[in-house]
Amino acid sequence: MSTKRLFSLILAVAMLAAIVAGCTNQNGAPISSPPAEETAAPVQSEQPTQSEEPQQVSATGKGTLTFARTESIATLNPHMYTSDIESCCIEYTGAALYGYFYNDDKSGVSLRACIADGEPIKMNDNGTVWQIKISPDARWANGEAITADDFMYSFKMLLDPKLVNGRGGAFAEDYIKILNAKAYYTQTEVEGAVPTWEDVGIKKVDDMTIEITTSIAQDATEVMSHLAYAWTVPVYEEMYESLMNSDRTATTYGTDIDKVVCSGAFTYNAWERDAEISFKKNPEYIKQDMIQIEKLVMKIIPDRGTQLQMFEAGELDYVELNSSQFKDYEEDPRVLYSPSIYVKYMPVNVNNPDNPILSDVNFRKALFLAVDRESIAKLLNAKPANYLISSRFLADVTTGESYRNSKQGSAIPDDHNGYDPEQAVALFEQALAAAGQDKVTITLTYRNDDADMTAIAETLQSSWPAIFGADRFELVLNGLPTSQSNDQIRAAKTDPTSFDLGFAGWSTNELAPWNGLKVYGSAWANRYDTFTSERYDELWTLANSSEERFDHEKRLGYVAEMESIWLDNVSGIPVIELIDKTLKADRVQLAADQWVNRVGFGWIYASVTDAE
Amino acid sequence: MRIFKATDPEYLSLKREDFKLHTREEEIHDAKFETKPVGFFKDAMLRFGKNTASIIAFAIICIIVILSAFGPMMNEYGYNDQDLDRANLPARIKGCEGINLLNGSTVLKNRRKDNLDNTEKYPEGCILDVFNETVVNGVEMCDIRIDTYIYSGYGDDYFWFGTDYLGRDLWTRVWRGCRISLIIAFAAVLTNVGFGVIYGSIAGYYGGMTDMVMMRFAEIVQAFPNIVVMTLFIMYFGNGLFAIIMALVVRDWVGTATLIRAQFYRFKDSEYVLAARTLGTKDAVLIFRHILPNAIGPIVTRTMIAIPSAIFAESFLAYIGLGIRAPEASLGVLLSHAQTVLLQYPYQTVFPAVLISVLMISFNLFGNGLRDAFDPTQRGT
Amino acid sequence: MARYVMQRLLAMLLTLFIIVTVAFLVIRLMPSSIYDDPTISAEVLDMIQAKYHLDRPLIEQYGIFMKNVLLKGDWGISMKIQPNIPVFQVLGGKVPLTLFINLVSLLASIPIGLVFGAFAAIKKNTMTDHGISLFVILFISIPSFIYATLLQYFAAYKFGWFPITYTVSDMASVKYLSLFLPTLSLALDPMAKVARYMRAELIESLNSEYILLARTKGFTRSKAIFRHAIRNSCIPVLNIVVPMFANVLGGSLVVESIFAIPGMGSLMIKSINANDHYLTIAILLIYSLVSLMTVLVVDLLYAVIDPRVRMGGKKQ
């Protein structure tokens, strides 16, 4: 590691510290950008309030924000939750040690203490022991103080080998590797003995301090990122215990709103499963002065068309638009744009014995080159993507630089977004000749409850034979409901014939692409990809746990190499990156004039004037 | 006259010549039939002919069947001819310029007023009307009615039912979809009636233990909710045409079987069956020749009523995402997609919805007519 | 009769047992993993599988399941839809709403259907009759999701008379108002069916000898109709009404999804799709029970209404 790079790293850490201390030095966080030039600057023109003085915040807040989601909530237990909507509820109502908030001029995101008292303190030189102080102002919603004991109990339960909480594995090892945590969780032997809880690297120092020991060197950002995950939100010991079953294998904590104790910005107000959940401002929340509204109402409306009707009828304060609904609002100044985290790609099953031509990289490449991404993007009001890491990923949180704009990320050639039918045909012929086949038939498994994917699938079904020759190529479409389609693709692990081509998209750590790329690696449990590369896995380890990772440029280099291994081998065929469109009612004033990573539009910090 | 006992020796020794016909010289007083005898089917057809509503329904079914067969050939567009530039064009028919649903115009909502003069975005002559002017966040907005065909650069084309999200001609797709729906419905219903009749006949005729076991089996099949059975079936066997047909049959035959069984219970103890059995008629003949024809009315009726239900069931499958494999489409698949864009492109819902409704009404009316014809005692039910 | 009913009830238990067994095997053989959370690693996945005994052979899993059911009455817990909650408690939260809209729509539609049917029969071949018959055929023929969508679009969205979807509220009036449109959408079809059947039965009764006799004995027409004809026609109508109750838990899936009602309809589909096995089995059990009960009641009614039918009689 060169001294210059080391210096830049130290500088980065110092800048981060500066943010936490309350200084501001950001600019250029990805702002919302409309897809076409004729709808210029819609966001800036419509924020009359953000320049005003911040309003006096009352402890109970004012106004109700009503919005809709399509999925249902299964559990509110932070140790077990699985879906996006559940993490949303847990983030509303639970306070982790650290969290993602607006930076001071609200132009970007910053990772800072939530109920922790300042940054983690490095206790030894190689960075394997960290102490975290808990703020004396941290309170449960019932008014009791949150102490080190609460976190010790929460973390112990999260890793409990009998409860086998789904999130335990990610807590044991992700950004940081907690000493013996994984071995304790999975009850595997380390040096001849299965570790007990006492051997795990989480210790109470005093009532307001815990100490975490890791097995590899970490930096403060990693520790903070790790302790900002929603599953590290503390659980309330007394209730968790009282809801535990007799053999301590399951608890009903979080199965209802009276079976959970809140610590975050809101408390649960009422919940009718699969219909509506509402939240009330929590006056005990450590940052309660950031919250203006009194009540949040989240309705579960599975149909997007119905949601839009409700918005038009004034029953919702904001609504997400899908690509066909966008037609009526493409010039509407109320529409807010934000980059989507998903790159929609088609994983290729390279191991399918029924269709051995899929293992030929030339054939896969031919498919890649035959996707007219620009037309598809135009049809869906999206962005063509011939890359894997979406433009929402940041190369550097402190500067807010997008990975795609970074030196490493922008190296991917964008000539016609990877559309080259001539070369595609050449490669296709080559692959067919090599396989000794006259004709190829492949099946595309996709989710037919997703209108965008259906459109892409049907477009390809007619455009690919047109490029390769209808007598040479056939695409069979296999549209299924979401979970069945996903199951069929994932079944490839046990049944290699389960699919040829699928559809996928990952929502993963947008602030750390090097971490997020784990979902394409061979160790990932529920991966859609079937292609494996030792080099890729090695690079991932290098980028996440080697000493080299502290060199920012080098780490981005690893990221770029991982992405290019994935692309060169066509593990999957990227198609588009969506642009999320949100329609907002005028009565809602957002706290910031732009979309920000992790915080999004900051709906919970908004204020509502025209409340019922 | 004498009465003999069978054991009498005299009885055994009687000769043929000892008998004589009793009424040889007397006239038979019954009047001869002047009219020709009318068979069961002819009778039924005569009655059916008097039912105007059913005749009209039958005619409509015929028209729909013909259009399903030939409709897709009536213009130059194929059912999977995509052109993303002409996606979502509304219906446009020559001579219907005055009717908003059919003249190729749409309302574009929430347009910026200052953009309207931009001929790059709005080609000349495409804006027909400007209304509903409002100010949103300080921007002057309005709704406009445009000629979508000029707007998209397809001024000379006529898509009678418009186009879908990939620019495919909906006229072609609707009729082709109708064809698929009809094929699925007919195949499913015929299979289910055929199987149900045989199953129900055997159970009803033999009764006792056979009936008990067969009907318990039927009950088990029927006790599984239809949706679950269809979902599991399609998950196992995929969403090809055959799998969908079978998914509709796998449980529905039970209804037919129950109906037929009930008919057997009603008739199997009647005197004529007893008489036939006394004469040594075989079981198979009794079942199919003597008892089953009683059920012909209910069977025909059930078949006709089952067809619209099968069309409905198929569209329901499409609704929960288990419709037929793309690019093929059934009415259900078209409808379930159209419903998601109802607010944006209402015409995409209107045509298949009207067609499926007309189809169902016609089949119901036709079924009623047939039932009245075959079984006059049930008239009107 | 009592013996026959006992026989049937015993057979029903056996049937239910077979259903549960078949359901268990069929569902567990589905080609999919029970846990598909993307953020957990392979080892954790294996551990979770082990926790729920999913790593054992199928027969052993079945044995464990049946043992719990028979000895402890424990049908298992939901694993995905509402983790760690006993399956029947999950159902308990869903059944009331579905039962409510289905029962209300059914109970409201029967008398209305009877009245319209009777009206049409009495005024046979007049404009009234034709009008009613037209609506009957419309409501029977048009798929419920079409008029549910239309009702939602016009009555709720365009004119704002009702909430667009099911509304959670402390005020009962708001909640029930939001259930009006779905209930109405569900009521139209049974209403039309009852009306159609009633009309036919009543017309038949009106033409029968006993009405002629009643009239010759000096009854007025209305008296004859009300005292004799309608009473006699109502009984056969039961034949089609009772099977309608078999659908009280499953008939409203589409309407529920249009009006975003958190009922049984979506639960079943979700549970299958999510591989929430024990929940799926419990749902199947409930549906099967309702369906079997309905079949039994219909059979018994058949015997009551028409004594000539000897249920379960052997071939003679």
# chains A, B, ... in the order shown; residues from 1 in each chain; ligands from 1

call {"tool": "select_by_dssp", "arguments": {"residues": "range 33-252 of chain B", "states": "helix (DSSP H, G or I)", "output": "ChimeraX atom specification"}}
result
/B:40-49,52-73,84-86,113-115,148-152,170-206,208-223,226-237,241-252

call {"tool": "interface_residues", "arguments": {"of": "chain B", "to": "chain A", "cutoff": "9 Å", "atoms": "only C-alpha atoms", "output": "ChimeraX atom specification"}}
result
/B:80-82,84-85,87,107-112,115,136-139,141,165-166,235,238-239,320-327,337,339-345

call {"tool": "atom_distance", "arguments": {"atom1": "CA of Glu204 in chain C", "atom2": "CA of Phe48 in chain B"}}
result
19.1 Å

call {"tool": "interface_residues", "arguments": {"of": "chain B", "to": "chain C", "cutoff": "7 Å", "atoms": "only C-alpha atoms", "output": "PyMOL selection string"}}
result
chain B and resi 205-208+216+219-220+223-225+265-266+312+357+360-361+364+379-381

call {"tool": "select_by_dssp", "arguments": {"residues": "range 267-461 of chain A", "states": "strand (DSSP E)", "output": "NGL selection string"}}
result
:A and (267-272 or 276-281 or 295-300 or 318-321 or 335-347 or 383-384 or 394-396 or 401-402 or 440-447)

call {"tool": "write_last_selection", "arguments": {"atoms": "C-alpha atoms", "output": "JSON list (two decimals), in the first residue's frame"}}
result
[["chain", "number", "residue", "atom", "x", "y", "z"],
["A", 267, "THR", "CA", -44.14, 3.52, 17.97],
["A", 268, "TYR", "CA", -46.73, 1.14, 16.62],
["A", 269, "ASN", "CA", -50.22, 2.56, 16.86],
["A", 270, "ALA", "CA", -52.47, -0.08, 15.30],
["A", 271, "TRP", "CA", -52.05, -3.06, 13.03],
["A", 272, "GLU", "CA", -54.56, -5.02, 11.05],
["A", 276, "GLU", "CA", -52.97, -1.35, 7.47],
["A", 277, "ILE", "CA", -50.33, -0.58, 10.03],
["A", 278, "SER", "CA", -50.02, 2.82, 11.62],
["A", 279, "PHE", "CA", -47.28, 4.50, 13.63],
["A", 280, "LYS", "CA", -47.21, 7.35, 16.12],
["A", 281, "LYS", "CA", -44.36, 9.68, 16.79],
["A", 295, "LYS", "CA", -48.70, 9.72, 12.52],
["A", 296, "LEU", "CA", -47.70, 7.42, 9.68],
["A", 297, "VAL", "CA", -50.31, 5.20, 8.07],
["A", 298, "MET", "CA", -49.10, 2.41, 5.82],
["A", 299, "LYS", "CA", -51.84, 0.72, 3.84],
["A", 300, "ILE", "CA", -51.30, -2.64, 2.19],
["A", 318, "TYR", "CA", -47.62, 9.64, -2.26],
["A", 319, "VAL", "CA", -47.62, 6.74, -4.63],
["A", 320, "GLU", "CA", -45.06, 4.97, -6.76],
["A", 321, "LEU", "CA", -45.77, 4.91, -10.49],
["A", 335, "VAL", "CA", -43.27, 13.42, -9.97],
["A", 336, "LEU", "CA", -40.05, 12.68, -8.11],
["A", 337, "TYR", "CA", -37.34, 10.54, -9.67],
["A", 338, "SER", "CA", -34.86, 8.28, -7.98],
["A", 339, "PRO", "CA", -32.41, 5.66, -9.20],
["A", 340, "SER", "CA", -33.39, 2.06, -8.64],
["A", 341, "ILE", "CA", -31.03, -0.27, -6.86],
["A", 342, "TYR", "CA", -31.86, -3.09, -9.23],
["A", 343, "VAL", "CA", -30.13, -3.93, -12.43],
["A", 344, "LYS", "CA", -32.55, -6.33, -14.05],
["A", 345, "TYR", "CA", -30.52, -9.15, -15.49],
["A", 346, "MET", "CA", -31.09, -12.61, -16.86],
["A", 347, "PRO", "CA", -28.99, -15.24, -15.09],
["A", 383, "LYS", "CA", -32.09, 3.24, -18.32],
["A", 384, "PRO", "CA", -30.23, 0.74, -20.51],
["A", 394, "LEU", "CA", -21.72, 4.75, -4.19],
["A", 395, "ALA", "CA", -17.99, 4.45, -4.64],
["A", 396, "ASP", "CA", -17.43, 6.69, -1.69],
["A", 401, "GLU", "CA", -19.50, 9.78, -5.72],
["A", 402, "SER", "CA", -21.51, 7.18, -7.58],
["A", 440, "VAL", "CA", -31.20, -23.83, -30.34],
["A", 441, "THR", "CA", -34.29, -23.66, -28.18],
["A", 442, "ILE", "CA", -33.97, -22.01, -24.80],
["A", 443, "THR", "CA", -36.56, -21.23, -22.17],
["A", 444, "LEU", "CA", -36.82, -17.96, -20.33],
["A", 445, "THR", "CA", -38.36, -18.22, -16.88],
["A", 446, "TYR", "CA", -39.75, -14.90, -15.71],
["A", 447, "ARG", "CA", -42.24, -13.35, -13.33]]

call {"tool": "closest_atom_pairs", "arguments": {"of": "chain A", "to": "chain C", "cutoff": "8 Å", "atoms": "only C-alpha atoms", "output": "JSON lines"}}
result
{"residue": "A:Ala74", "atom": "CA", "partner": "C:Gln82", "partner_atom": "CA", "distance": 4.7}
{"residue": "A:Thr75", "atom": "CA", "partner": "C:Gln82", "partner_atom": "CA", "distance": 6.2}
{"residue": "A:Thr82", "atom": "CA", "partner": "C:Asp37", "partner_atom": "CA", "distance": 6.1}
{"residue": "A:Val164", "atom": "CA", "partner": "C:Ile48", "partner_atom": "CA", "distance": 6.3}
{"residue": "A:Gly166", "atom": "CA", "partner": "C:Ile40", "partner_atom": "CA", "distance": 6.4}
{"residue": "A:Arg167", "atom": "CA", "partner": "C:Ile40", "partner_atom": "CA", "distance": 6.8}
{"residue": "A:Gly169", "atom": "CA", "partner": "C:Val44", "partner_atom": "CA", "distance": 6.4}
{"residue": "A:Ala170", "atom": "CA", "partner": "C:Ile40", "partner_atom": "CA", "distance": 6.7}
{"residue": "A:Thr186", "atom": "CA", "partner": "C:Val44", "partner_atom": "CA", "distance": 7.3}
{"residue": "A:Ala250", "atom": "CA", "partner": "C:Asn84", "partner_atom": "CA", "distance": 6.7}
{"residue": "A:Thr251", "atom": "CA", "partner": "C:Asn84", "partner_atom": "CA", "distance": 7.0}
{"residue": "A:Thr252", "atom": "CA", "partner": "C:Asn84", "partner_atom": "CA", "distance": 6.0}
{"residue": "A:Thr255", "atom": "CA", "partner": "C:Gln82", "partner_atom": "CA", "distance": 7.3}
{"residue": "A:Glu272", "atom": "CA", "partner": "C:Val168", "partner_atom": "CA", "distance": 7.4}
{"residue": "A:Arg273", "atom": "CA", "partner": "C:Pro262", "partner_atom": "CA", "distance": 7.2}
{"residue": "A:Asp274", "atom": "CA", "partner": "C:Pro262", "partner_atom": "CA", "distance": 5.3}
{"residue": "A:Ala275", "atom": "CA", "partner": "C:Pro262", "partner_atom": "CA", "distance": 5.8}
{"residue": "A:Glu276", "atom": "CA", "partner": "C:Val168", "partner_atom": "CA", "distance": 6.6}
{"residue": "A:Ile300", "atom": "CA", "partner": "C:Ala260", "partner_atom": "CA", "distance": 7.5}
{"residue": "A:Ile301", "atom": "CA", "partner": "C:Ala260", "partner_atom": "CA", "distance": 5.7}
{"residue": "A:Pro302", "atom": "CA", "partner": "C:Ala260", "partner_atom": "CA", "distance": 6.8}
{"residue": "A:Asp303", "atom": "CA", "partner": "C:Ile258", "partner_atom": "CA", "distance": 7.5}
{"residue": "A:Thr306", "atom": "CA", "partner": "C:Ile164", "partner_atom": "CA", "distance": 7.6}
{"residue": "A:Gln309", "atom": "CA", "partner": "C:Tyr157", "partner_atom": "CA", "distance": 6.5}
{"residue": "A:Met310", "atom": "CA", "partner": "C:Ile164", "partner_atom": "CA", "distance": 6.6}
{"residue": "A:Ala313", "atom": "CA", "partner": "C:Tyr157", "partner_atom": "CA", "distance": 6.7}
{"residue": "A:Ser483", "atom": "CA", "partner": "C:Asn273", "partner_atom": "CA", "distance": 5.9}
{"residue": "A:Gln484", "atom": "CA", "partner": "C:Asn273", "partner_atom": "CA", "distance": 6.4}
{"residue": "A:Asp487", "atom": "CA", "partner": "C:Ser32", "partner_atom": "CA", "distance": 5.6}
{"residue": "A:Gln488", "atom": "CA", "partner": "C:Ser32", "partner_atom": "CA", "distance": 7.2}
{"residue": "A:Ala491", "atom": "CA", "partner": "C:Ser32", "partner_atom": "CA", "distance": 6.5}
{"residue": "A:Ala523", "atom": "CA", "partner": "C:Ala42", "partner_atom": "CA", "distance": 7.6}
{"residue": "A:Trp524", "atom": "CA", "partner": "C:Ser41", "partner_atom": "CA", "distance": 6.0}
{"residue": "A:Ala525", "atom": "CA", "partner": "C:Ala42", "partner_atom": "CA", "distance": 4.4}
{"residue": "A:Asn526", "atom": "CA", "partner": "C:Pro38", "partner_atom": "CA", "distance": 5.3}
{"residue": "A:Arg527", "atom": "CA", "partner": "C:Pro38", "partner_atom": "CA", "distance": 7.6}

call {"tool": "atom_distance", "arguments": {"atom1": "CA of Ala95 in chain A", "atom2": "CA of Leu511 in chain A"}}
result
19.6 Å

call {"tool": "residues_around", "arguments": {"residues": "range 232-249 of chain A", "least_positions_apart": "5", "cutoff": "6 Å", "atoms": "only C-alpha atoms", "output": "PyMOL selection string"}}
result
chain A and resi 94-96+151+154+162-163

call {"tool": "atom_distance", "arguments": {"atom1": "CA of Asn381 in chain A", "atom2": "CA of Asp420 in chain A"}}
result
21.7 Å

call {"tool": "residues_around", "arguments": {"residues": "range 349-361 of chain A", "least_positions_apart": "6", "cutoff": "10 Å", "atoms": "only C-alpha atoms", "output": "ChimeraX atom specification"}}
result
/A:367,427-428,430-432,434-437,440-443,489,492-493,495-502,528-532,568-572

call {"tool": "write_last_selection", "arguments": {"atoms": "C-alpha atoms", "output": "tab-separated table (two decimals), in the first residue's frame"}}
result
chain	number	residue	atom	x	y	z
A	367	LEU	CA	-27.27	-13.36	-26.34
A	427	LEU	CA	-20.60	-15.55	-32.11
A	428	PHE	CA	-23.87	-17.41	-32.34
A	430	GLN	CA	-19.45	-20.00	-33.94
A	431	ALA	CA	-21.12	-21.49	-30.88
A	432	LEU	CA	-23.56	-23.53	-32.95
A	434	ALA	CA	-18.76	-25.79	-32.04
A	435	ALA	CA	-21.72	-27.63	-30.57
A	436	GLY	CA	-22.65	-29.20	-33.91
A	437	GLN	CA	-26.23	-27.98	-33.57
A	440	VAL	CA	-31.20	-23.83	-30.34
A	441	THR	CA	-34.29	-23.66	-28.18
A	442	ILE	CA	-33.97	-22.01	-24.80
A	443	THR	CA	-36.56	-21.23	-22.17
A	489	ILE	CA	-34.37	-20.53	-10.85
A	492	ALA	CA	-30.74	-25.12	-10.15
A	493	LYS	CA	-28.51	-25.88	-7.19
A	495	ASP	CA	-31.64	-29.77	-10.20
A	496	PRO	CA	-29.38	-28.33	-12.91
A	497	THR	CA	-32.13	-28.66	-15.53
A	498	SER	CA	-34.52	-26.35	-13.71
A	499	PHE	CA	-34.06	-23.35	-16.02
A	500	ASP	CA	-32.14	-21.96	-19.00
A	501	LEU	CA	-32.52	-18.24	-18.64
A	502	GLY	CA	-34.16	-16.46	-15.76
A	528	TYR	CA	-29.60	-17.00	-9.00
A	529	ASP	CA	-26.35	-17.29	-10.92
A	530	THR	CA	-24.83	-20.65	-11.70
A	531	PHE	CA	-21.48	-19.49	-13.01
A	532	THR	CA	-18.68	-19.80	-10.46
A	568	ASP	CA	-16.90	-11.33	-19.50
A	569	ASN	CA	-18.20	-14.73	-18.62
A	570	VAL	CA	-21.80	-13.58	-19.05
A	571	SER	CA	-22.94	-15.14	-15.83
A	572	GLY	CA	-26.06	-13.16	-16.57
